[in-house]
$ cat run07.txt   # compact mmCIF, C-alpha atoms
# COMPACT_ATOMS: atom_id res chain seq x y z
CA MET J 1 98.41 89.99 117.72
CA PRO J 2 96.95 92.24 120.48
CA PRO J 3 98.87 95.39 121.47
CA GLN J 4 101.45 94.97 124.21
CA THR J 5 100.50 96.23 127.66
CA VAL J 6 102.79 97.27 130.52
CA ARG J 7 101.79 97.79 134.13
CA ALA J 8 102.57 100.47 136.67
CA SER J 9 101.63 100.90 140.30
CA CYS J 10 102.15 103.04 143.35
CA LEU J 11 104.36 101.92 146.24
CA CYS J 12 101.54 100.18 148.13
CA GLU J 13 100.20 98.74 144.84
CA ALA J 14 96.62 99.82 145.61
CA VAL J 15 96.52 102.08 142.54
CA ARG J 16 97.55 100.38 139.33
CA LEU J 17 97.73 101.30 135.68
CA GLU J 18 97.63 99.22 132.53
CA LEU J 19 99.28 101.08 129.65
CA THR J 20 99.02 100.03 126.03
CA LEU J 21 102.22 100.53 124.07
CA PRO J 22 103.66 102.31 122.29
CA ALA J 23 104.41 105.28 124.51
CA LYS J 24 104.41 108.63 122.70
CA PHE J 25 107.65 109.80 124.30
CA CYS J 26 109.99 109.45 127.25
CA VAL J 27 111.67 112.58 128.64
CA HIS J 28 113.39 113.91 131.76
CA CYS J 29 111.49 116.94 133.10
CA HIS J 30 113.38 119.51 135.18
CA CYS J 31 110.56 122.02 135.75
CA ASP J 32 110.04 123.50 139.21
CA ASN J 33 106.66 121.80 139.69
CA CYS J 34 107.90 118.32 138.78
CA ARG J 35 110.97 118.67 141.00
CA ARG J 36 108.84 119.72 143.95
CA ALA J 37 106.10 117.13 143.35
CA HIS J 38 108.63 114.29 143.21
CA GLY J 39 111.25 115.64 145.62
CA ALA J 40 113.98 114.99 143.08
CA ALA J 41 116.30 116.80 140.66
CA PHE J 42 114.04 115.75 137.78
CA VAL J 43 111.37 113.20 136.93
CA THR J 44 111.36 110.91 133.93
CA TYR J 45 107.96 110.64 132.28
CA ALA J 46 106.55 108.34 129.63
CA GLY J 47 103.67 109.92 127.75
CA PHE J 48 100.62 107.98 126.58
CA GLU J 49 97.39 108.83 124.82
CA ALA J 50 94.82 108.92 127.64
CA GLU J 51 92.66 106.23 126.05
CA ARG J 52 95.67 103.86 126.16
CA MET J 53 95.64 103.90 129.98
CA LYS J 54 93.38 101.84 132.20
CA LEU J 55 93.21 102.95 135.84
CA ILE J 56 92.63 100.26 138.47
CA ASP J 57 91.72 101.88 141.79
CA ALA J 58 89.25 99.60 143.59
CA GLU J 59 89.59 101.51 146.88
CA GLY J 60 89.26 105.00 145.39
CA LEU J 61 92.67 106.08 146.63
CA LEU J 62 93.75 108.17 143.64
CA VAL J 63 93.69 111.85 144.57
CA ARG J 64 94.00 114.68 142.06
CA TYR J 65 95.65 118.02 142.75
CA ARG J 66 95.20 120.99 140.41
CA THR J 67 98.33 123.15 140.18
CA ASP J 68 98.57 126.89 139.60
CA THR J 69 99.52 126.12 135.97
CA GLY J 70 96.23 124.28 135.37
CA ALA J 71 97.86 120.86 135.37
CA THR J 72 96.50 117.91 137.31
CA ARG J 73 98.84 115.73 139.35
CA SER J 74 97.45 112.43 140.63
CA PHE J 75 98.84 110.47 143.53
CA CYS J 76 97.95 107.62 145.88
CA SER J 77 96.39 108.92 149.08
CA ARG J 78 97.65 105.89 151.02
CA CYS J 79 101.36 105.82 150.17
CA GLY J 80 101.78 109.25 148.52
CA THR J 81 103.30 108.00 145.27
CA PRO J 82 102.99 110.59 142.47
CA LEU J 83 101.58 108.65 139.51
CA LEU J 84 100.23 110.90 136.76
CA TYR J 85 100.61 114.32 135.25
CA GLU J 86 98.00 115.79 132.90
CA GLY J 87 98.67 119.26 131.56
CA PRO J 88 96.71 121.75 129.48
CA ARG J 89 99.56 121.91 126.94
CA TRP J 90 99.09 118.22 126.15
CA PRO J 91 95.34 117.53 126.00
CA GLY J 92 94.42 113.88 125.71
CA GLU J 93 97.72 112.69 127.15
CA VAL J 94 98.75 111.22 130.49
CA HIS J 95 102.34 111.36 131.63
CA VAL J 96 103.33 108.46 133.88
CA ALA J 97 106.40 108.50 136.10
CA ARG J 98 108.70 106.07 134.26
CA ALA J 99 110.10 104.56 137.46
CA LEU J 100 106.65 103.13 138.24
CA ILE J 101 106.34 101.23 134.96
CA GLU J 102 107.35 97.58 135.05
CA GLY J 103 109.41 96.27 132.18
CA GLU J 104 110.44 97.70 128.86
CA LEU J 105 108.83 100.55 126.98
CA GLY J 106 110.93 100.10 123.87
CA LEU J 107 111.76 103.77 124.28
CA ALA J 108 114.61 105.36 126.23
CA PRO J 109 114.60 108.95 127.49
CA GLU J 110 114.92 111.23 124.46
CA ALA J 111 115.59 114.68 125.94
CA HIS J 112 115.76 116.94 128.98
CA ALA J 113 112.79 119.36 129.17
CA TYR J 114 112.69 122.66 131.07
CA VAL J 115 116.46 122.66 131.59
CA ASP J 116 116.33 126.39 132.22
CA GLN J 117 114.52 125.52 135.48
CA LYS J 118 116.81 122.66 136.51
CA ALA J 119 118.12 122.38 140.05
CA ASP J 120 121.34 124.36 140.34
CA TRP J 121 122.91 121.54 142.35
CA HIS J 122 122.34 118.97 139.59
CA GLU J 123 124.62 118.59 136.58
CA ILE J 124 123.33 117.03 133.37
CA THR J 125 126.13 114.82 132.10
CA ASP J 126 124.59 113.00 129.13
CA GLU J 127 124.35 114.11 125.50
CA LEU J 128 120.55 114.14 125.21
CA PRO J 129 119.00 117.29 123.71
CA ARG J 130 118.39 120.08 126.22
CA LEU J 131 115.10 121.90 125.84
CA GLY J 132 113.49 124.80 127.69
CA GLY J 133 111.68 128.08 127.25
CA ASP J 134 108.02 128.71 128.04
CA SER J 135 106.91 125.43 126.48
CA GLY J 136 109.80 123.46 127.99
CA VAL J 137 110.53 121.88 124.63
CA GLU J 138 112.24 124.68 122.71
CA PRO J 139 115.94 124.20 121.85
CA VAL J 140 118.22 126.06 124.27
CA ASP J 141 121.82 127.11 123.92
CA ASP J 142 124.31 125.49 126.26
$ encode --input "run07.txt" --output "structure tokens"
Amino acid sequence: MPPQTVRASCLCEAVRLELTLPAKFCVHCHCDNCRRAHGAAFVTYAGFEAERMKLIDAEGLLVRYRTDTGATRSFCSRCGTPLLYEGPRWPGEVHVARALIEGELGLAPEAHAYVDQKADWHEITDELPRLGGDSGVEPVDD
């Protein structure tokens, strides 16, 4: 039986992804950069090994932006949808905004990362682990 594949796309559907399951993780990220890039209190990412992602961009609309942290954020230049995050702390991985992925991953969000940078106007109300520190994934005291 071939591995299961899920699809993701930007708002205008010009940039598409085919992702081979399983995902490595699913987490809510509250870091300053993610909040600003997505214009939201946090972004939920599913992480995949880079070789498990196929990019379909026939019009060459995917644009990459290098952040001051050395990460690369990729988005559609037509509709502006933020699609991918690739960071130096996670070589060989791509992090895909979960909201863009169609269907089931077989994996629910497992934790909140970078909670020490969370928006002060947002309250985390679930019981998922809360992580932070320099790496974003160190246990933090509540």
$ closest_residue --input "run07.txt" --among "J:Pro3, J:His28, J:Gly103, J:Arg78" --to "Asp126 of chain J" --atoms "only C-alpha atoms"
J:His28
$ closest_residue --input "run07.txt" --among "J:His112, J:His95, J:Cys26, J:Tyr45" --to "Thr125 of chain J" --atoms "only C-alpha atoms"
J:His112
$ atom_distance --input "run07.txt" --atom1 "atom CA of Glu104 of chain J" --atom2 "atom CA of Glu18 of chain J"
13.4 Å
$ residues_around --input "run07.txt" --residues "Glu123 of chain J" --least-positions-apart "2" --cutoff "12 Å" --atoms "all atoms listed in the file" --output "mmCIF file with C-alpha atoms, keeping the file's coordinate frame"
data_model
loop_
_atom_site.group_PDB
_atom_site.id
_atom_site.type_symbol
_atom_site.label_atom_id
_atom_site.label_comp_id
_atom_site.auth_asym_id
_atom_site.auth_seq_id
_atom_site.Cartn_x
_atom_site.Cartn_y
_atom_site.Cartn_z
ATOM 1 C CA HIS J 30 113.380 119.510 135.180
ATOM 2 C CA ALA J 41 116.300 116.800 140.660
ATOM 3 C CA PHE J 42 114.040 115.750 137.780
ATOM 4 C CA HIS J 112 115.760 116.940 128.980
ATOM 5 C CA VAL J 115 116.460 122.660 131.590
ATOM 6 C CA LYS J 118 116.810 122.660 136.510
ATOM 7 C CA ALA J 119 118.120 122.380 140.050
ATOM 8 C CA ASP J 120 121.340 124.360 140.340
ATOM 9 C CA TRP J 121 122.910 121.540 142.350
ATOM 10 C CA THR J 125 126.130 114.820 132.100
ATOM 11 C CA ASP J 126 124.590 113.000 129.130
ATOM 12 C CA GLU J 127 124.350 114.110 125.500
#
$ atom_distance --input "run07.txt" --atom1 "atom CA of Arg130 of chain J" --atom2 "atom CA of Cys31 of chain J"
12.5 Å
$ residues_near_point --input "run07.txt" --point "(95.7, 117.4, 142.6)" --cutoff "12 Å" --atoms "all atoms listed in the file" --output "PyMOL selection string"
chain J and resi 37+62-77+80+82-87
$ write_last_selection --input "run07.txt" --atoms "C-alpha atoms" --output "CSV table (one decimal), keeping the file's coordinate frame"
chain,number,residue,atom,x,y,z
J,37,ALA,CA,106.1,117.1,143.4
J,62,LEU,CA,93.8,108.2,143.6
J,63,VAL,CA,93.7,111.8,144.6
J,64,ARG,CA,94.0,114.7,142.1
J,65,TYR,CA,95.6,118.0,142.8
J,66,ARG,CA,95.2,121.0,140.4
J,67,THR,CA,98.3,123.2,140.2
J,68,ASP,CA,98.6,126.9,139.6
J,69,THR,CA,99.5,126.1,136.0
J,70,GLY,CA,96.2,124.3,135.4
J,71,ALA,CA,97.9,120.9,135.4
J,72,THR,CA,96.5,117.9,137.3
J,73,ARG,CA,98.8,115.7,139.4
J,74,SER,CA,97.4,112.4,140.6
J,75,PHE,CA,98.8,110.5,143.5
J,76,CYS,CA,98.0,107.6,145.9
J,77,SER,CA,96.4,108.9,149.1
J,80,GLY,CA,101.8,109.2,148.5
J,82,PRO,CA,103.0,110.6,142.5
J,83,LEU,CA,101.6,108.6,139.5
J,84,LEU,CA,100.2,110.9,136.8
J,85,TYR,CA,100.6,114.3,135.2
J,86,GLU,CA,98.0,115.8,132.9
J,87,GLY,CA,98.7,119.3,131.6
$ closest_residue --input "run07.txt" --among "J:Asp116, J:Gly136, J:Asp57, J:Val43" --to "Leu17 of chain J" --atoms "only C-alpha atoms"
J:Asp57
$ residues_around --input "run07.txt" --residues "Leu19 of chain J" --least-positions-apart "5" --cutoff "7 Å" --atoms "all atoms listed in the file" --output "PyMOL selection string"
chain J and resi 5-7+52-54
$ atom_distance --input "run07.txt" --atom1 "atom CA of Leu21 of chain J" --atom2 "atom CA of Cys34 of chain J"
23.8 Å
$ residues_around --input "run07.txt" --residues "Ala58 of chain J" --least-positions-apart "5" --cutoff "12 Å" --atoms "only C-alpha atoms" --output "list of chain:residue names"
J:Glu13, J:Ala14, J:Val15, J:Arg16, J:Leu17
$ write_last_selection --input "run07.txt" --atoms "C-alpha atoms" --output "PDB file, keeping the file's coordinate frame"
ATOM      1  CA  GLU J  13     100.200  98.740 144.840  1.00  0.00           C
ATOM      2  CA  ALA J  14      96.620  99.820 145.610  1.00  0.00           C
ATOM      3  CA  VAL J  15      96.520 102.080 142.540  1.00  0.00           C
ATOM      4  CA  ARG J  16      97.550 100.380 139.330  1.00  0.00           C
ATOM      5  CA  LEU J  17      97.730 101.300 135.680  1.00  0.00           C
TER       6      LEU J  17
END
$ closest_residue --input "run07.txt" --among "J:Leu55, J:Glu110, J:Arg35, J:Glu102" --to "His122 of chain J" --atoms "all atoms listed in the file"
J:Arg35
$ closest_residue --input "run07.txt" --among "J:Ala50, J:Leu131, J:Ala8, J:Val137" --to "Leu105 of chain J" --atoms "only C-alpha atoms"
J:Ala8
$ closest_residue --input "run07.txt" --among "J:Gly47, J:Cys29, J:His38, J:Tyr114" --to "Trp90 of chain J" --atoms "only C-alpha atoms"
J:Gly47
$ residues_near_point --input "run07.txt" --point "(115.0, 107.9, 128.2)" --cutoff "9 Å" --atoms "all atoms listed in the file" --output "ChimeraX atom specification"
/J:25-28,44-46,98,107-111,128
$ axis_aligned_box --input "run07.txt" --around "segment 109-127 of chain J" --padding-each-side "6 Å" --output "JSON"
{"center_x": 119.4, "center_y": 117.7, "center_z": 133.4, "size_x": 25.4, "size_y": 29.4, "size_z": 29.9}
$ decode --input "run07.txt" --residues "segment 10-108 of chain J" --atoms "C-alpha atoms" --output "JSON list (two decimals), in the first residue's frame"
[["chain", "number", "residue", "atom", "x", "y", "z"],
["J", 10, "CYS", "CA", -2.67, 28.87, -0.85],
["J", 11, "LEU", "CA", -5.87, 30.91, -1.02],
["J", 12, "CYS", "CA", -5.76, 31.33, -4.82],
["J", 13, "GLU", "CA", -4.69, 27.68, -5.21],
["J", 14, "ALA", "CA", -1.84, 28.58, -7.58],
["J", 15, "VAL", "CA", 0.77, 27.17, -5.17],
["J", 16, "ARG", "CA", 0.05, 23.66, -4.00],
["J", 17, "LEU", "CA", 1.78, 21.08, -1.86],
["J", 18, "GLU", "CA", 1.55, 17.31, -1.75],
["J", 19, "LEU", "CA", 2.64, 16.01, 1.66],
["J", 20, "THR", "CA", 3.36, 12.38, 2.40],
["J", 21, "LEU", "CA", 2.21, 11.27, 5.83],
["J", 22, "PRO", "CA", 3.02, 10.84, 8.59],
["J", 23, "ALA", "CA", 3.71, 14.35, 9.81],
["J", 24, "LYS", "CA", 6.53, 14.59, 12.35],
["J", 25, "PHE", "CA", 4.57, 16.85, 14.70],
["J", 26, "CYS", "CA", 1.77, 19.36, 15.01],
["J", 27, "VAL", "CA", 2.23, 22.33, 17.36],
["J", 28, "HIS", "CA", 0.88, 25.83, 18.05],
["J", 29, "CYS", "CA", 3.69, 28.39, 17.72],
["J", 30, "HIS", "CA", 3.40, 31.68, 19.63],
["J", 31, "CYS", "CA", 6.76, 33.24, 18.66],
["J", 32, "ASP", "CA", 6.90, 36.89, 17.65],
["J", 33, "ASN", "CA", 7.90, 36.09, 14.05],
["J", 34, "CYS", "CA", 5.08, 33.60, 13.47],
["J", 35, "ARG", "CA", 2.50, 35.93, 15.00],
["J", 36, "ARG", "CA", 3.61, 38.79, 12.77],
["J", 37, "ALA", "CA", 3.95, 36.67, 9.62],
["J", 38, "HIS", "CA", 0.43, 35.27, 10.02],
["J", 39, "GLY", "CA", -1.27, 38.26, 11.66],
["J", 40, "ALA", "CA", -2.66, 36.01, 14.37],
["J", 41, "ALA", "CA", -2.21, 35.13, 18.05],
["J", 42, "PHE", "CA", -0.40, 31.94, 17.02],
["J", 43, "VAL", "CA", 0.01, 29.64, 14.04],
["J", 44, "THR", "CA", -0.47, 25.90, 14.04],
["J", 45, "TYR", "CA", 2.20, 24.05, 12.08],
["J", 46, "ALA", "CA", 2.54, 20.48, 10.91],
["J", 47, "GLY", "CA", 6.16, 19.46, 10.41],
["J", 48, "PHE", "CA", 7.33, 17.18, 7.61],
["J", 49, "GLU", "CA", 10.65, 15.86, 6.43],
["J", 50, "ALA", "CA", 11.49, 18.05, 3.42],
["J", 51, "GLU", "CA", 11.70, 15.10, 1.05],
["J", 52, "ARG", "CA", 8.09, 14.21, 1.94],
["J", 53, "MET", "CA", 6.83, 17.45, 0.36],
["J", 54, "LYS", "CA", 6.24, 18.04, -3.33],
["J", 55, "LEU", "CA", 5.84, 21.68, -4.36],
["J", 56, "ILE", "CA", 3.56, 22.43, -7.32],
["J", 57, "ASP", "CA", 4.12, 26.00, -8.49],
["J", 58, "ALA", "CA", 3.66, 26.10, -12.28],
["J", 59, "GLU", "CA", 3.57, 29.91, -12.37],
["J", 60, "GLY", "CA", 6.59, 30.47, -10.12],
["J", 61, "LEU", "CA", 4.59, 32.40, -7.54],
["J", 62, "LEU", "CA", 6.25, 31.08, -4.39],
["J", 63, "VAL", "CA", 8.40, 33.80, -2.84],
["J", 64, "ARG", "CA", 10.91, 33.20, -0.06],
["J", 65, "TYR", "CA", 11.76, 35.70, 2.66],
["J", 66, "ARG", "CA", 14.82, 35.25, 4.89],
["J", 67, "THR", "CA", 14.21, 36.48, 8.45],
["J", 68, "ASP", "CA", 16.70, 37.98, 10.88],
["J", 69, "THR", "CA", 16.79, 34.60, 12.66],
["J", 70, "GLY", "CA", 18.00, 32.83, 9.50],
["J", 71, "ALA", "CA", 14.66, 31.16, 8.86],
["J", 72, "THR", "CA", 12.97, 31.12, 5.48],
["J", 73, "ARG", "CA", 9.27, 31.90, 5.18],
["J", 74, "SER", "CA", 7.60, 31.11, 1.86],
["J", 75, "PHE", "CA", 4.39, 32.65, 0.64],
["J", 76, "CYS", "CA", 2.31, 33.04, -2.53],
["J", 77, "SER", "CA", 3.12, 36.30, -4.30],
["J", 78, "ARG", "CA", -0.38, 36.45, -5.81],
["J", 79, "CYS", "CA", -2.63, 36.02, -2.76],
["J", 80, "GLY", "CA", -0.10, 36.48, 0.07],
["J", 81, "THR", "CA", -0.83, 33.22, 1.86],
["J", 82, "PRO", "CA", 2.04, 32.19, 4.19],
["J", 83, "LEU", "CA", 2.72, 28.54, 3.33],
["J", 84, "LEU", "CA", 6.04, 27.29, 4.68],
["J", 85, "TYR", "CA", 8.55, 27.85, 7.43],
["J", 86, "GLU", "CA", 12.07, 26.41, 7.27],
["J", 87, "GLY", "CA", 14.35, 27.17, 10.18],
["J", 88, "PRO", "CA", 18.02, 26.56, 10.94],
["J", 89, "ARG", "CA", 17.08, 24.75, 14.16],
["J", 90, "TRP", "CA", 15.23, 22.10, 12.17],
["J", 91, "PRO", "CA", 17.35, 21.26, 9.10],
["J", 92, "GLY", "CA", 15.67, 19.01, 6.58],
["J", 93, "GLU", "CA", 12.18, 19.90, 7.78],
["J", 94, "VAL", "CA", 9.38, 22.03, 6.37],
["J", 95, "HIS", "CA", 6.67, 23.39, 8.61],
["J", 96, "VAL", "CA", 3.34, 23.84, 6.85],
["J", 97, "ALA", "CA", 0.54, 26.01, 8.20],
["J", 98, "ARG", "CA", -1.97, 23.38, 9.35],
["J", 99, "ALA", "CA", -5.00, 25.41, 8.25],
["J", 100, "LEU", "CA", -3.88, 25.00, 4.62],
["J", 101, "ILE", "CA", -3.81, 21.21, 4.73],
["J", 102, "GLU", "CA", -6.92, 19.45, 3.48],
["J", 103, "GLY", "CA", -8.19, 16.51, 5.48],
["J", 104, "GLU", "CA", -6.81, 14.55, 8.37],
["J", 105, "LEU", "CA", -3.22, 14.33, 9.50],
["J", 106, "GLY", "CA", -3.86, 11.65, 12.09],
["J", 107, "LEU", "CA", -2.14, 14.01, 14.50],
["J", 108, "ALA", "CA", -3.68, 16.75, 16.64]]
